[in-house]
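Chemist: Hey, dropping work-v7.csv in here, CSV, C-alpha atoms:
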```csv
chain,number,residue,atom,x,y,z
A,1,MET,CA,0.0,0.0,0.0
A,2,SER,CA,2.9,2.3,-0.7
A,3,ILE,CA,2.8,5.8,-2.2
A,4,GLU,CA,3.8,5.5,-5.9
A,5,ASN,CA,4.4,8.5,-8.1
A,6,VAL,CA,4.3,12.1,-6.8
A,7,TYR,CA,4.0,15.2,-9.0
A,8,ILE,CA,4.1,18.9,-8.2
A,9,ALA,CA,2.8,21.1,-11.1
A,10,ARG,CA,1.6,24.6,-11.9
A,11,VAL,CA,-2.1,24.7,-12.3
A,12,ASN,CA,-2.6,27.3,-15.0
A,13,ASP,CA,-0.6,25.4,-17.6
A,14,GLY,CA,0.2,22.0,-16.1
A,15,LEU,CA,4.0,22.5,-16.2
A,16,ILE,CA,5.6,19.8,-14.0
A,17,LEU,CA,7.9,21.3,-11.4
A,18,VAL,CA,8.9,18.1,-9.6
A,19,ALA,CA,8.3,14.4,-10.4
A,20,SER,CA,9.2,11.6,-8.0
A,21,MET,CA,8.9,8.0,-9.2
A,22,GLU,CA,9.1,4.5,-7.9
A,23,HIS,CA,11.8,2.8,-10.0
A,24,ASN,CA,11.4,-0.8,-8.8
A,25,ALA,CA,8.9,-1.9,-11.4
A,26,GLY,CA,10.4,-5.3,-12.0
A,27,THR,CA,8.8,-7.0,-15.0
A,28,SER,CA,8.3,-5.4,-18.4
A,29,GLN,CA,4.5,-5.7,-17.8
A,30,ALA,CA,4.9,-3.8,-14.5
A,31,THR,CA,7.0,-1.2,-16.3
A,32,ASP,CA,4.4,-0.7,-19.0
A,33,ARG,CA,1.7,-0.4,-16.3
A,34,LEU,CA,3.6,2.3,-14.5
A,35,GLU,CA,4.2,4.2,-17.7
A,36,MET,CA,0.5,4.1,-18.3
A,37,TYR,CA,-0.2,5.7,-14.9
A,38,ARG,CA,2.5,8.3,-15.6
A,39,ASN,CA,0.8,9.3,-18.8
A,40,GLN,CA,-2.6,9.5,-17.0
A,41,ALA,CA,-1.0,11.7,-14.3
A,42,LYS,CA,0.4,14.1,-17.0
A,43,GLN,CA,-3.0,14.2,-18.7
A,44,ILE,CA,-4.8,15.0,-15.4
A,45,LEU,CA,-2.3,17.8,-14.8
A,46,LYS,CA,-3.0,19.2,-18.2
A,47,LYS,CA,-6.7,19.2,-17.5
A,48,LEU,CA,-6.2,21.4,-14.4
A,49,ASN,CA,-7.6,25.0,-14.2
A,50,PRO,CA,-8.0,27.4,-11.3
A,51,ARG,CA,-11.8,26.8,-11.1
A,52,MET,CA,-11.4,23.1,-10.3
A,53,THR,CA,-12.1,21.7,-6.8
A,54,SER,CA,-9.1,22.0,-4.5
A,55,LYS,CA,-9.1,18.3,-3.5
A,56,MET,CA,-10.1,15.3,-5.5
A,57,SER,CA,-9.5,11.5,-5.7
A,58,VAL,CA,-9.5,10.0,-9.2
A,59,GLU,CA,-9.9,6.2,-9.4
A,60,SER,CA,-7.8,4.2,-11.9
A,61,ASN,CA,-8.1,0.6,-10.6
A,62,PRO,CA,-6.2,-0.8,-8.8
A,63,PHE,CA,-4.8,2.6,-8.0
A,64,THR,CA,-6.1,6.0,-7.1
A,65,PHE,CA,-4.8,9.5,-7.9
A,66,HIS,CA,-5.2,12.1,-5.1
A,67,TYR,CA,-4.5,15.7,-5.7
A,68,MET,CA,-4.6,19.0,-3.8
A,69,ILE,CA,-4.4,22.5,-5.2
A,70,ASP,CA,-2.9,25.3,-3.1
A,71,LYS,CA,-1.7,28.8,-4.2
A,72,GLY,CA,-1.9,27.8,-7.8
A,73,ILE,CA,0.2,24.7,-7.3
A,74,CYS,CA,-1.1,21.1,-7.7
A,75,TYR,CA,0.3,18.3,-5.6
A,76,LEU,CA,-0.6,14.9,-7.1
A,77,THR,CA,0.1,11.4,-5.8
A,78,LEU,CA,-0.7,7.9,-6.9
A,79,THR,CA,-1.5,5.3,-4.3
A,80,HIS,CA,-3.0,1.8,-4.2
A,81,LYS,CA,-6.7,2.1,-3.8
A,82,THR,CA,-6.5,0.4,-0.4
A,83,TYR,CA,-4.2,3.2,0.9
A,84,PRO,CA,-6.2,5.4,3.4
A,85,LYS,CA,-7.6,8.4,1.7
A,86,ARG,CA,-7.1,10.7,4.8
A,87,LEU,CA,-3.4,9.7,5.0
A,88,ALA,CA,-2.9,10.4,1.3
A,89,PHE,CA,-4.2,14.0,1.8
A,90,LEU,CA,-2.1,14.4,5.0
A,91,PHE,CA,0.9,13.3,2.9
A,92,LEU,CA,0.0,15.9,0.2
A,93,GLU,CA,-0.4,18.7,2.8
A,94,ASP,CA,2.9,17.8,4.3
A,95,ILE,CA,4.6,17.9,0.8
A,96,ALA,CA,3.0,21.3,0.1
A,97,LYS,CA,4.2,22.7,3.4
A,98,GLU,CA,7.7,21.4,2.8
A,99,PHE,CA,7.8,22.6,-0.8
A,100,GLU,CA,6.9,26.1,0.3
A,101,ASN,CA,9.4,26.1,3.1
A,102,ASP,CA,12.1,24.8,0.8
A,103,LEU,CA,11.5,27.5,-1.8
A,104,LYS,CA,11.2,30.2,0.9
A,105,SER,CA,14.6,29.3,2.3
A,106,GLU,CA,16.1,29.9,-1.1
A,107,HIS,CA,14.0,32.7,-2.6
A,108,GLY,CA,12.4,34.3,0.5
A,109,ASP,CA,9.0,36.0,0.0
A,110,ASP,CA,9.6,35.9,-3.8
A,111,TRP,CA,9.2,32.0,-3.8
A,112,LEU,CA,5.7,32.0,-5.4
A,113,ARG,CA,6.8,34.3,-8.2
A,114,GLN,CA,9.6,31.8,-9.0
A,115,VAL,CA,7.0,29.1,-9.4
A,116,GLU,CA,4.8,31.3,-11.6
A,117,THR,CA,7.5,32.5,-14.0
A,118,VAL,CA,9.8,29.4,-14.3
A,119,GLY,CA,9.8,28.2,-17.9
A,120,ARG,CA,11.3,24.7,-17.9
A,121,GLN,CA,9.9,21.4,-16.6
A,122,TYR,CA,11.4,19.8,-13.5
A,123,ALA,CA,12.9,23.1,-12.5
A,124,PHE,CA,12.7,22.2,-8.8
A,125,ILE,CA,13.6,18.5,-9.2
A,126,LYS,CA,16.1,18.7,-6.3
A,127,PHE,CA,13.0,18.7,-4.0
A,128,ASP,CA,12.7,15.0,-4.8
A,129,ARG,CA,15.0,14.3,-1.9
A,130,VAL,CA,12.3,15.6,0.5
A,131,ILE,CA,9.6,13.7,-1.3
A,132,GLN,CA,11.6,10.4,-1.0
A,133,LYS,CA,12.0,11.0,2.7
A,134,LYS,CA,8.3,11.8,3.2
A,135,ARG,CA,7.3,8.8,1.1
A,136,ARG,CA,9.2,6.5,3.4
A,137,GLU,CA,7.5,8.1,6.4
A,138,TYR,CA,4.0,7.6,5.0
A,139,SER,CA,4.6,4.2,3.4
A,140,ASP,CA,3.7,2.1,6.4
A,141,THR,CA,0.1,2.9,7.2
A,142,ASN,CA,0.2,0.9,10.4
A,143,SER,CA,3.2,2.7,11.9
A,144,SER,CA,2.6,4.4,15.2
A,145,ALA,CA,3.5,7.8,13.6
A,146,ASN,CA,0.9,7.5,10.9
A,147,ILE,CA,-1.8,6.1,13.2
A,148,LYS,CA,-1.1,9.2,15.4
A,149,LYS,CA,-1.5,11.5,12.3
A,150,LEU,CA,-4.8,9.9,11.5
A,151,ASN,CA,-6.0,10.2,15.1
A,152,ASP,CA,-4.9,13.9,15.3
A,153,ASP,CA,-6.5,14.8,12.0
A,154,LEU,CA,-9.9,16.3,12.4
A,155,GLN,CA,-10.7,16.8,8.8
A,156,SER,CA,-13.4,14.9,7.0
A,157,VAL,CA,-12.6,13.4,3.6
A,158,GLN,CA,-16.3,12.6,2.9
A,159,SER,CA,-16.8,15.8,1.0
A,160,ILE,CA,-13.8,15.3,-1.2
A,161,MET,CA,-15.0,14.5,-4.8
A,162,ARG,CA,-14.3,11.1,-6.3
A,163,GLN,CA,-14.3,10.4,-10.0
A,164,THR,CA,-12.9,7.9,-12.4
A,165,VAL,CA,-9.9,8.7,-14.5
A,166,ASP,CA,-12.1,8.3,-17.6
A,167,ASP,CA,-14.5,11.0,-16.3
A,168,VAL,CA,-11.6,13.4,-15.6
A,169,LEU,CA,-9.8,12.9,-18.9
A,170,GLY,CA,-13.0,13.3,-20.8
A,171,ARG,CA,-14.0,16.4,-18.9
A,172,GLY,CA,-12.7,18.9,-21.6
A,173,ASN,CA,-15.2,17.6,-24.1
A,174,LYS,CA,-18.0,17.5,-21.5
A,175,LEU,CA,-17.4,21.1,-20.5
A,176,ASP,CA,-17.5,22.2,-24.2
A,177,ASP,CA,-20.8,20.3,-24.5
A,178,ILE,CA,-22.2,22.0,-21.4
A,179,SER,CA,-21.1,25.4,-22.7
A,180,HIS,CA,-22.9,24.9,-26.0
A,181,ILE,CA,-26.0,23.6,-24.2
A,182,SER,CA,-26.0,26.6,-21.9
A,183,GLN,CA,-25.8,29.0,-24.8
A,184,ASN,CA,-28.6,27.2,-26.6
A,185,LEU,CA,-30.7,27.3,-23.5
A,186,ALA,CA,-30.1,31.0,-23.1
A,187,SER,CA,-31.2,31.6,-26.7
A,188,GLU,CA,-34.3,29.4,-26.3
A,189,SER,CA,-35.1,31.2,-23.0
A,190,LYS,CA,-35.1,34.6,-24.8
A,191,LYS,CA,-37.4,33.2,-27.5
A,192,TYR,CA,-39.6,31.7,-24.9
A,193,ASN,CA,-39.8,35.0,-22.9
A,194,TRP,CA,-40.8,36.9,-26.1
A,195,GLY,CA,-43.3,34.2,-27.0
A,196,ALA,CA,-44.8,34.3,-23.5
A,197,LYS,CA,-45.2,38.1,-23.7
A,198,LYS,CA,-47.1,37.8,-27.0
A,199,LEU,CA,-49.3,35.1,-25.6
A,200,SER,CA,-50.0,37.2,-22.6
A,201,LEU,CA,-51.0,40.2,-24.7
A,202,LEU,CA,-53.3,38.0,-26.9
A,203,ALA,CA,-54.9,36.7,-23.8
A,204,LEU,CA,-55.6,40.2,-22.5
A,205,TYR,CA,-56.9,41.2,-25.9
A,206,LYS,CA,-59.3,38.3,-26.0
A,207,GLN,CA,-60.5,39.0,-22.4
A,208,TYR,CA,-61.1,42.7,-22.8
A,209,ALA,CA,-61.9,43.2,-26.5
A,210,PRO,CA,-65.7,42.5,-26.1
A,211,LEU,CA,-65.9,45.0,-23.3
A,212,LEU,CA,-63.9,47.6,-25.3
A,213,ALA,CA,-66.2,47.0,-28.3
A,214,ILE,CA,-69.4,47.5,-26.1
A,215,GLY,CA,-67.9,50.6,-24.5
A,216,PHE,CA,-67.0,52.0,-27.9
A,217,LEU,CA,-70.5,51.2,-29.3
A,218,GLY,CA,-72.1,52.9,-26.3
A,219,ILE,CA,-70.1,56.0,-26.8
A,220,VAL,CA,-71.2,56.1,-30.5
A,221,ILE,CA,-74.9,55.7,-29.5
A,222,LEU,CA,-74.7,58.5,-27.0
A,223,ALA,CA,-72.9,60.8,-29.5
A,224,ILE,CA,-75.7,60.2,-32.1
A,225,LYS,CA,-78.4,60.9,-29.5
A,226,TYR,CA,-76.6,64.1,-28.5
A,227,PHE,CA,-76.2,65.5,-32.0
A,228,TRP,CA,-79.8,64.6,-33.1
A,229,LYS,CA,-81.4,66.5,-30.4
```
Translate the structure of the given file into structure tokens.
Modeler:
Amino acid sequence: MSIENVYIARVNDGLILVASMEHNAGTSQATDRLEMYRNQAKQILKKLNPRMTSKMSVESNPFTFHYMIDKGICYLTLTHKTYPKRLAFLFLEDIAKEFENDLKSEHGDDWLRQVETVGRQYAFIKFDRVIQKKRREYSDTNSSANIKKLNDDLQSVQSIMRQTVDDVLGRGNKLDDISHISQNLASESKKYNWGAKKLSLLALYKQYAPLLAIGFLGIVILAIKYFWK
């Protein structure tokens, strides 16, 4: 139930800042499987945008991606689906805190600008040494330290959204479809509102036209009587 791959990426363009991999794949089949998950991770990172939920779990059996977004930076990890969800997000929070502290020690208060303006991938790859250390700390879910972390953590993970990897990777098309549907609905709504107004006017006309006709006829009769006197 170990923590597999870990990525740190910029949200606005998916640029990978740090990547930390497990290298003991073993067989060629296992290597191909890990390559598939690496590609899925990169695709998920490319789908990111600032409007997305700050925490999500993405199922890709028998593994699960967990990601957390903070200050425009995404922290993504791949774990076995049996790995505790709460512990996975505690791991990501720990990585986020360490990453910020590491950059602050080098760049001071300008650390976030460094992240926002860097132009090459894996620009902060040296942070992998910290990730490797944290991965070892969180690998044994039954260790007393990790059990204590879970007991001390008061956050609920029930509200964290879960989706399948197919849902997430297909989201771009779905959002485009929803956008077109929304535009069509808005157009149809305008047509409906104008049609409803016309129907309302017709209903009023049908309701009061006889009364108006009688009133007009009465005025004509009174006028004729008046002028014929």
Chemist: Pick out the closest residue to Glu116 in chain A from this set: A:Asn61, A:Ser28, A:Ser139, A:Asn12. Count all atoms listed in the file.
Modeler: A:Asn12
Chemist: If we draw a sphere of 6 Å around (10.5, 23.6, -9.2), which residues have at least one atom in it when counting only C-alpha atoms? Please report them as a VMD selection string.
Modeler: chain A and resid 17 to 18 122 to 125
Chemist: Return the single residue from A:Glu4, A:Asp13, A:Glu98, A:Glu137 that is closest to Lys81 in chain A, with distances computed using all atoms listed in the file.
Modeler: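 When distances to Lys81 in chain A are compared using all atoms listed in the file, the smallest one comes from A:Glu4.
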Chemist: Provide the CA of Glu22 in chain A to CA of His107 in chain A distance in Å, to one decimal place.
Modeler: 29.1 Å
Chemist: Any idea what the distance is between CA of Val130 in chain A and CA of Asp94 in chain A?
Modeler: 10.4 Å
Chemist: Which of these residues is nearest to Val6 in chain A, using all atoms listed in the file: A:Tyr83, A:Tyr75, A:Tyr37, A:Tyr138?
Modeler: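 Closest to Val6 in chain A of all the choices is A:Tyr75.
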Chemist: Would you work out the distance separating CA of Thr82 in chain A from CA of Arg51 in chain A, expressed in Å to one decimal?
Modeler: 29.0 Å
Chemist: Using all atoms listed in the file, find the one residue out of A:Thr64, A:Gln121, A:Asn146, A:Asn39 that sits nearest to Phe91 in chain A.
Modeler: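 Of all the options, A:Asn146 lies closest to Phe91 in chain A.
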Chemist: Smallest atom-to-atom distance to Val168 in chain A: which of A:Leu34, A:Met56, A:Ile73, A:Ile147, using only C-alpha atoms?
Modeler: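 With only C-alpha atoms as the atom set, the closest residue is A:Met56.
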Chemist: Fewer than 4 positions away in the same chain doesn't count, so skip those; otherwise give me all residues within 12 Å of Glu35 in chain A, counting only C-alpha atoms, as a PyMOL selection string.
Modeler: chain A and resi 4-5+21-23+25+28-31+39-42
Chemist: Which residues are close to Leu92 in chain A, i.e. within 10 Å by all atoms listed in the file, leaving aside same-chain residues fewer than 3 positions away? Reply as a list of chain:residue names.
Modeler: A:Val6, A:Ile8, A:His66, A:Tyr67, A:Met68, A:Ile69, A:Cys74, A:Tyr75, A:Leu76, A:Thr77, A:Arg86, A:Leu87, A:Ala88, A:Phe89, A:Ile95, A:Ala96, A:Lys97, A:Glu98, A:Ile131, A:Lys134
Chemist: Which residue gives the smallest distance to Glu100 in chain A among A:Lys71, A:Arg10, A:Arg120, A:His80, with all atoms listed in the file counted?
Modeler: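 Between A:Lys71, A:Arg10, A:Arg120, A:His80, the residue approaching Glu100 in chain A most closely is A:Lys71.
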Chemist: Please identify all polymer residues within 10 Å of Arg38 in chain A, counting only C-alpha atoms, omitting same-chain residues fewer than 5 positions from it, and present them as a tab-separated table (two decimals) with C-alpha atoms, keeping the file's coordinate frame.
Modeler:
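New file result.tsv:
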```tsv
chain	number	residue	atom	x	y	z
A	5	ASN	CA	4.40	8.50	-8.10
A	6	VAL	CA	4.30	12.10	-6.80
A	7	TYR	CA	4.00	15.20	-9.00
A	19	ALA	CA	8.30	14.40	-10.40
A	21	MET	CA	8.90	8.00	-9.20
A	32	ASP	CA	4.40	-0.70	-19.00
A	33	ARG	CA	1.70	-0.40	-16.30
A	43	GLN	CA	-3.00	14.20	-18.70
A	44	ILE	CA	-4.80	15.00	-15.40
A	78	LEU	CA	-0.70	7.90	-6.90
```
